[in-house]
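**Q** First, the structure itself, so that you have it in front of you.
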Amino acid sequence: MIYTLHMDRDAKPIAGDATGVSRFDTLLAIPEGKATWALIAPPVWLAYYKLWWVFSLYCLAVFFFLSLMTTSFFLVTALLGGLPGLYLLFEGHQLRRNRAEQDGLYHVGTVEAVSETEAIERFVAQWKEHETQSSDAKDLALKKTKPSNLAFGLFPETGS
């Protein structure tokens, strides 16, 4: 499964944390695809991920469809009553991404993994590998290299 990873880009490691793990405290992995639990138990799923505005709209829609059940539109209402759940099935994870963006988290990567924890672990490993490579490149650029044999240069210096 593919996961999008979101975190606070400006997060710095806490002083004294040599591992730098504290930087990844805000890291959030959100899967791509369908939110099956959002179809099975929508109110529980919405409350678990703290999507309160969507939760309130979902409750309003449910109460609306329940009130229509007492009218002569019973069959139509029974058929249309599942639409909010279908919407959450297909767009539930996008609602989570929108919430993460509102909370100040930015999309920082995409990883293929089996679970959320594995996705976070893979991303942290890639991040640290990238940091070491970029710091090695900076160190290499800062080093002043002196050629060992000046005679092979374009303009050889002569020792006087």
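Chain labels follow the order of the structure tokens: the first chain is A, the next B, and so on; residue numbering restarts at 1 in every chain, and ligands are counted from 1 in their shown order.
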Considering only C-alpha atoms, return as a PyMOL selection string whatever protein or nucleic-acid residues lie within 10 Å of A:Trp37, sequence-local ones (same chain, fewer than 2 positions apart) excluded.
**A** chain A and resi 34-35+39-46+85+88-89+92
**Q** Take the residues just selected and output them with C-alpha atoms as a CSV table (one decimal), in the first residue's frame.
**A**
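New file result_3.csv:
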chain,number,residue,atom,x,y,z
A,34,LYS,CA,-10.2,3.3,0.3
A,35,ALA,CA,-11.0,3.9,3.9
A,39,LEU,CA,-17.8,2.7,5.5
A,40,ILE,CA,-18.2,0.1,8.3
A,41,ALA,CA,-18.3,2.5,11.3
A,42,PRO,CA,-18.3,6.1,10.0
A,43,PRO,CA,-19.0,7.9,13.3
A,44,VAL,CA,-16.3,5.9,15.2
A,45,TRP,CA,-13.8,6.4,12.3
A,46,LEU,CA,-14.5,10.2,12.1
A,85,GLY,CA,-20.8,6.3,3.9
A,88,LEU,CA,-16.2,8.5,3.3
A,89,LEU,CA,-15.1,5.2,1.8
A,92,GLY,CA,-11.9,9.6,3.8
**Q** Assign secondary structure with DSSP using the backbone only, and return the residues of stretch 28-75 of chain A in strand (DSSP E or B) as a ChimeraX atom specification.
**A** /A:28-31
**Q** I need the residue nearest A:Pro84 from this list: A:Ala38, A:Lys128, A:Ser67, A:Glu112. Use only C-alpha atoms for the distance.
**A**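 Checking each of A:Ala38, A:Lys128, A:Ser67, A:Glu112 against A:Pro84, counting only C-alpha atoms, the winner is A:Ala38.
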**Q** When you draw a straight line from atom CA of A:Glu91 to atom CA of A:Ile30, how long is it in Å?
**A** 12.2 Å
**Q** Leaving out stretch 73-81 of chain A and any residue of its chain fewer than 2 positions from it, which residues lie within 12 Å of it when counting only C-alpha atoms, given as a PDB file with C-alpha atoms, in the first residue's frame?
**A**
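Result file is selection_39.pdb:
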ATOM      1  CA  TYR A  58     -22.367  13.229   8.717  1.00  0.00           C
ATOM      2  CA  CYS A  59     -24.683  13.314  11.749  1.00  0.00           C
ATOM      3  CA  LEU A  60     -26.864  15.944  10.076  1.00  0.00           C
ATOM      4  CA  ALA A  61     -27.113  13.810   6.939  1.00  0.00           C
ATOM      5  CA  VAL A  62     -27.991  10.718   8.977  1.00  0.00           C
ATOM      6  CA  PHE A  63     -30.700  12.567  10.906  1.00  0.00           C
ATOM      7  CA  PHE A  64     -32.072  13.945   7.639  1.00  0.00           C
ATOM      8  CA  PHE A  65     -32.294  10.480   6.101  1.00  0.00           C
ATOM      9  CA  LEU A  66     -33.800   9.054   9.285  1.00  0.00           C
ATOM     10  CA  SER A  67     -36.491  11.723   9.256  1.00  0.00           C
ATOM     11  CA  LEU A  68     -37.292  10.877   5.634  1.00  0.00           C
ATOM     12  CA  MET A  69     -37.760   7.223   6.598  1.00  0.00           C
ATOM     13  CA  THR A  70     -41.136   8.104   8.138  1.00  0.00           C
ATOM     14  CA  THR A  71     -42.449   9.600   4.885  1.00  0.00           C
ATOM     15  CA  LEU A  83     -24.252   7.895   0.122  1.00  0.00           C
ATOM     16  CA  PRO A  84     -22.473   9.608   3.046  1.00  0.00           C
ATOM     17  CA  GLY A  85     -20.794   6.312   3.908  1.00  0.00           C
ATOM     18  CA  LEU A  86     -19.730   5.786   0.295  1.00  0.00           C
ATOM     19  CA  TYR A  87     -18.315   9.301   0.210  1.00  0.00           C
TER      20      TYR A  87
END
**Q** When distances are computed from only C-alpha atoms, which of A:Ile120, A:Leu57, A:Leu51, A:Met1 shows the smallest separation from A:Arg97?
**A**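 Closest to A:Arg97, using only C-alpha atoms: A:Leu51.
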**Q** Mind checking which residues fall within 8 Å of A:Leu5, counting only C-alpha atoms, ignoring those fewer than 2 positions away in the same chain, and posting them as a list of chain:residue names?
**A** A:Tyr3, A:Met7, A:Leu27, A:Leu28, A:Ala29, A:Ile30, A:His107, A:Val108, A:Gly109, A:Thr110, A:Val111, A:Ile120, A:Phe123
**Q** Restricting it to N, CA and C atoms, dump the selection as a tab-separated table (two decimals), in the first residue's frame.
**A**
chain	number	residue	atom	x	y	z
A	3	TYR	N	1.65	5.12	1.07
A	3	TYR	CA	1.35	6.07	2.14
A	3	TYR	C	1.96	7.42	1.80
A	7	MET	N	4.56	16.03	7.78
A	7	MET	CA	5.19	16.44	9.03
A	7	MET	C	5.47	17.93	9.00
A	27	LEU	N	5.39	13.32	12.52
A	27	LEU	CA	5.27	12.55	11.28
A	27	LEU	C	3.98	11.74	11.28
A	28	LEU	N	3.23	11.87	10.19
A	28	LEU	CA	1.93	11.22	10.06
A	28	LEU	C	1.88	10.50	8.72
A	29	ALA	N	1.55	9.22	8.74
A	29	ALA	CA	1.42	8.42	7.52
A	29	ALA	C	-0.06	8.20	7.22
A	30	ILE	N	-0.48	8.61	6.03
A	30	ILE	CA	-1.88	8.46	5.62
A	30	ILE	C	-1.92	7.58	4.37
A	107	HIS	N	3.19	17.83	3.14
A	107	HIS	CA	3.49	16.56	2.47
A	107	HIS	C	5.00	16.53	2.22
A	108	VAL	N	5.68	15.55	2.83
A	108	VAL	CA	7.13	15.49	2.71
A	108	VAL	C	7.61	14.24	1.97
A	109	GLY	N	6.72	13.31	1.69
A	109	GLY	CA	7.17	12.13	0.98
A	109	GLY	C	6.07	11.12	0.76
A	110	THR	N	6.39	10.14	-0.08
A	110	THR	CA	5.48	9.05	-0.38
A	110	THR	C	6.28	7.76	-0.30
A	111	VAL	N	5.72	6.77	0.39
A	111	VAL	CA	6.43	5.52	0.63
A	111	VAL	C	5.48	4.36	0.38
A	120	ILE	N	6.51	4.83	8.19
A	120	ILE	CA	7.25	5.85	8.94
A	120	ILE	C	8.71	5.44	9.09
A	123	PHE	N	10.52	5.94	5.79
A	123	PHE	CA	10.73	7.34	5.50
A	123	PHE	C	11.86	7.93	6.35
**Q** Provide the atom CA of A:Ser134 to atom CA of A:Thr26 distance in Å, to one decimal place.
**A**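 Pair atom CA of A:Ser134 / atom CA of A:Thr26 returns 22.9 Å.
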**Q** Hey, can you check how far atom CA of A:Thr117 sits from atom CA of A:Tyr49?
**A**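 Computed distance, atom CA of A:Thr117 to atom CA of A:Tyr49, equals 16.5 Å.
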**Q** Give the alpha helix (DSSP H) residues of stretch 36-143 of chain A, as assigned by DSSP on the backbone, as number ranges by chain.
**A** A: 36-40, 42-48, 52-68, 74-80, 83-102, 116-142
